[in-house]
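Remarks on the structure that follows.
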Amino acid sequence: MDKTAYENQLRKLAELSVRFGVNLQPGQEVLLTAPTGALDLVRLVAVEAYKAGANAVIPFFSDDMMTRARFEYGHDACFDHAPAWLYDAMGAALRSGKTARLAIYGDTPGLLADQDPQKVARATKSLAQAYGPFREAISSNSTNWNIIPYVTDGWAARVFPDDDTETARGKLWQQIFRATRVDQPDPVAAWQQNFAELYRRRDALQALALSALHFSGGGTDLTVGLATGHKWVGGGLALANGTVYAPNLPTEEVFTMPDRTRAEGRAVFTKPVSVSGTIVEGLVVEFRQGKASRITADTGEDIIREHFATDEGASHLGEVALVANSSPIAQSGVLFFNTLFDENAACHIAFGNSYDMNLPDGADKEKAGANSSQIHTDCMIGSGETDVDGIGQDGSRTPVMRAGEFVI
Ligand code: ZN
Ligand code: ZN
């Protein structure tokens with residue numbers, strides 16, 4: 001890709017994110033998080049945000065070398081510390097609805113894989129605790145937000161390890177521009193068309209009012225009970241004031257809330273899971289009464305066990321999502337080593353916190369089967385071999401997916 005084409009598509013990505021993803025309203029602030037390498041996109045986002053009427057664009061950067069410096073030179077007690085004051089303030093800003101959030105991510109997969117797992121686990125745990133008000137503001141749908149990818153050197157190198165940095169970056173950008181549909185003449189129109197199909201699936205699943213989903217294929221034999229009164233969600237979300245926004249770009253999923261006490265059987269995960277800076281491969285989990293009772297993995301087994309022991313809810317499910325194997329991300333055949341990408345290539349379940357948006361307003365969450373945890377970790381169980389049946393309240397079965405495709 002030449003420089004002009006790259007710059008053109010990057011501008012379209014910034015515009016898509018601000019106008020369609022965040023759907024920034026005049027007079028809102030933008031709380032922007034990004035890796036240091038993404039400065040060119042950050043600047044384009046600022047331009048688009050001010051054109052759309054932003055009051056202020058406030059950037060917070062993360063940096064791989066600074067993250068690693070902490071693990072190499074930080075004193076021992078620092079791993080139990082996180083700046084709670086910062087997330088308190090961010091949470092308050094987001095809850096007010098006057099601040100929108102835009103996140104640019106480009107994490108280096110496995111950045112901390114060679115660091116002391118105990119320190120990594122402690123740092124992850126203290127961050128998760130401090131992050132509470134921020135997570136709460138997002139999961140309660142208080143404000144409009146959007147998250148988009150950016151190709152960093154570390155990410156590109158992990159996805160295309162046989163190429164030099166320049167080639168790897170170019171290849172990953174091409175995938176990202178395709179997946180976010182900014183390679184199309186009118187990206188917003190393309191997304192509206194995709195959302196129409198997601199809404200059709202969402203509504204068809206809602207109409208079935210299922211008791212459970214049964215996944216089979218590829219060694220998986222798993223029944224996921226659904227929360228009482230569960231709502232299916234996919235595509236865009238609406239705030240209480242009517243603003244419609246699209247949190248994840250790309251997004252190809254429809255998802256709902258499992259009953260935290262009713263998962264039974266065996267899940268063989270079809271893609272690596274990136275957790276605490278480590279890649280977990282070959283993960284297999286057996287569930288009894290909703291709990292991950294047996295956890296094995298080819299790599300990162302200790303890390304993932306520790307992760308699912310973060311708190312009581314971390315070993316129970318908080319989300320179940322259906323994704324067609326024909327989604328552009330799945331069809332690319334590329335393993336992105338990034339959950340936000342890979343989760344849109346395959347059906348998945350998430351360990352940890354459930355989303356309030358998957359229940360009607362004012363529902364009794366505890367009674368419905370909602371899960372609460374400091375973690376929310378998506379793990380992919382879908383492939384071209386996946387069959388999904390819906391199990392009705394009377395035990396009847398409805399085919400929902402066959403060989404990875406929707407049949408409803
Ligand atoms: Zn999901
Ligand atoms: Zn999720």
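For the structure tokens, the naming scheme is as follows: chains receive sequential letters (A, B, ...) according to their order of presentation, residues are indexed from 1 within each chain, and ligands are indexed from 1 in presentation order.
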
Within 7 Å of ligand 2 (counting only C-alpha atoms and all ligand atoms), which residues show up? I'd like them as a PyMOL selection string. chain A and resi 319+350+376-378

Counting only C-alpha atoms and all ligand atoms, which residues of chain A sit at most 7 Å from some atom of ligand 1, and what is each one's closest atom pair with its distance in Å to one decimal, listed by chain and rising residue number, as a Markdown table?
```
| residue | atom | partner | partner_atom_place_in_ligand_line | distance |
| --- | --- | --- | --- | --- |
| A:Glu253 | CA | ligand 1 | 1 (Zn) | 6.4 |
| A:Phe255 | CA | ligand 1 | 1 (Zn) | 6.2 |
| A:Glu319 | CA | ligand 1 | 1 (Zn) | 6.8 |
| A:Val320 | CA | ligand 1 | 1 (Zn) | 7.0 |
| A:Ala321 | CA | ligand 1 | 1 (Zn) | 5.4 |
| A:Glu343 | CA | ligand 1 | 1 (Zn) | 6.2 |
| A:His348 | CA | ligand 1 | 1 (Zn) | 6.6 |
| A:Asp378 | CA | ligand 1 | 1 (Zn) | 6.4 |
```

Restricting the output to N, CA and C atoms, write the selected residues as an mmCIF file, in the first residue's frame.
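And here is the file that came out, selection.cif:
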```cif
data_model
loop_
_atom_site.group_PDB
_atom_site.id
_atom_site.type_symbol
_atom_site.label_atom_id
_atom_site.label_comp_id
_atom_site.auth_asym_id
_atom_site.auth_seq_id
_atom_site.Cartn_x
_atom_site.Cartn_y
_atom_site.Cartn_z
ATOM 1 N N GLU A 253 -20.771 -9.942 15.865
ATOM 2 C CA GLU A 253 -21.392 -10.866 16.820
ATOM 3 C C GLU A 253 -22.806 -10.458 17.209
ATOM 4 N N PHE A 255 -24.896 -11.365 20.838
ATOM 5 C CA PHE A 255 -24.525 -11.980 22.114
ATOM 6 C C PHE A 255 -25.598 -11.766 23.160
ATOM 7 N N GLU A 319 -20.963 -14.044 29.190
ATOM 8 C CA GLU A 319 -21.404 -13.716 27.827
ATOM 9 C C GLU A 319 -21.345 -14.974 26.977
ATOM 10 N N VAL A 320 -22.306 -15.091 26.062
ATOM 11 C CA VAL A 320 -22.211 -16.113 25.020
ATOM 12 C C VAL A 320 -22.551 -15.416 23.696
ATOM 13 N N ALA A 321 -21.724 -15.631 22.672
ATOM 14 C CA ALA A 321 -21.861 -14.869 21.425
ATOM 15 C C ALA A 321 -21.792 -15.794 20.209
ATOM 16 N N GLU A 343 -12.408 -12.466 18.395
ATOM 17 C CA GLU A 343 -13.755 -12.794 18.880
ATOM 18 C C GLU A 343 -14.799 -12.543 17.786
ATOM 19 N N HIS A 348 -18.083 -17.360 20.685
ATOM 20 C CA HIS A 348 -17.259 -17.347 21.892
ATOM 21 C C HIS A 348 -18.104 -17.287 23.151
ATOM 22 N N ASP A 378 -12.997 -13.002 26.754
ATOM 23 C CA ASP A 378 -13.648 -13.752 25.675
ATOM 24 C C ASP A 378 -12.741 -14.881 25.207
#
```

Atom CA of Ser216 of chain A to atom CA of Cys379 of chain A: how many Å, to one decimal? 15.6 Å

Quick one: residues within 12 Å of Ser315 of chain A, only C-alpha atoms counted, chain neighbours fewer than 3 positions away excluded, as a ChimeraX atom specification? /A:260-261,263,285-295,304-312,318,349-353,371-377

Can you pull out every residue from segment 26-123 of chain A that DSSP, working from the backbone, puts in strand (DSSP E), and format the result as a ChimeraX atom specification? /A:29-35,56-62,99-105

Which one of A:Cys78, A:Ala209, A:Ala14, A:Val254 sits closest to Ala196 of chain A if you count only C-alpha atoms?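 Closest candidate: A:Val254.
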
Among segment 134-193 of chain A, which residues carry a DSSP assignment of helix (DSSP H, G or I), reported as a VMD selection string? chain A and resid 134 to 139 153 to 159 165 to 179 187 to 193

Between atom CA of Val407 of chain A and atom CA of Asp259 of chain A, what distance in Å does the model show, to one decimal?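 These atoms are spaced 24.2 Å apart.
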
Selected residue, from A:Thr124, A:Thr4, A:Gln28, A:Gln393, that lies nearest to Leu213 of chain A when counting only C-alpha atoms: A:Gln393

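The nearest approach to Asn194 of chain A among the residues A:Ser276, A:Ser332, A:Thr180, A:Asn146, with only C-alpha atoms taken into account, belongs to A:Thr180.
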
Within 12 Å of segment 105-115 of chain A, which residues of segment 14-77 of chain A show up? Give each one with its shortest atom-to-atom distance in Å (one decimal) and the two atoms involved, counting only C-alpha atoms, rows by chain then rising residue number, as CSV.
```
residue,atom,partner,partner_atom,distance
A:Leu32,CA,A:Tyr105,CA,10.6
A:Thr33,CA,A:Tyr105,CA,7.9
A:Ala34,CA,A:Tyr105,CA,6.0
A:Pro35,CA,A:Tyr105,CA,6.6
A:Thr36,CA,A:Gly106,CA,9.8
A:Gly37,CA,A:Gly106,CA,8.7
A:Ala38,CA,A:Gly106,CA,8.2
A:Leu39,CA,A:Tyr105,CA,11.9
A:Leu41,CA,A:Tyr105,CA,11.1
A:Val42,CA,A:Tyr105,CA,11.1
A:Phe60,CA,A:Tyr105,CA,11.9
A:Phe61,CA,A:Tyr105,CA,10.4
A:Ser62,CA,A:Asp107,CA,9.4
A:Asp63,CA,A:Asp107,CA,9.3
A:Asp64,CA,A:Leu111,CA,7.5
A:Met65,CA,A:Leu111,CA,9.6
A:Met66,CA,A:Leu111,CA,11.4
A:Thr67,CA,A:Leu112,CA,8.7
A:Arg68,CA,A:Leu112,CA,7.2
A:Ala69,CA,A:Leu112,CA,10.8
A:Arg70,CA,A:Gln115,CA,10.5
A:Phe71,CA,A:Gln115,CA,6.9
A:Glu72,CA,A:Gln115,CA,8.2
A:Tyr73,CA,A:Gln115,CA,11.6
```

Excluding segment 7-12 of chain A and any residue of its chain fewer than 4 positions from it, enumerate the residues within 7 Å of it, using only C-alpha atoms, and give them as a list in words.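 Answer for this query is Lys3, Leu16, Leu41, Leu44, Val182 and Asp183 of chain A.
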
Which is closest to Asp356 of chain A among A:Ile279, A:Ala137, A:Leu322, A:Ala93, if we use only C-alpha atoms?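 The answer is A:Ala137, which sits nearest to Asp356 of chain A.
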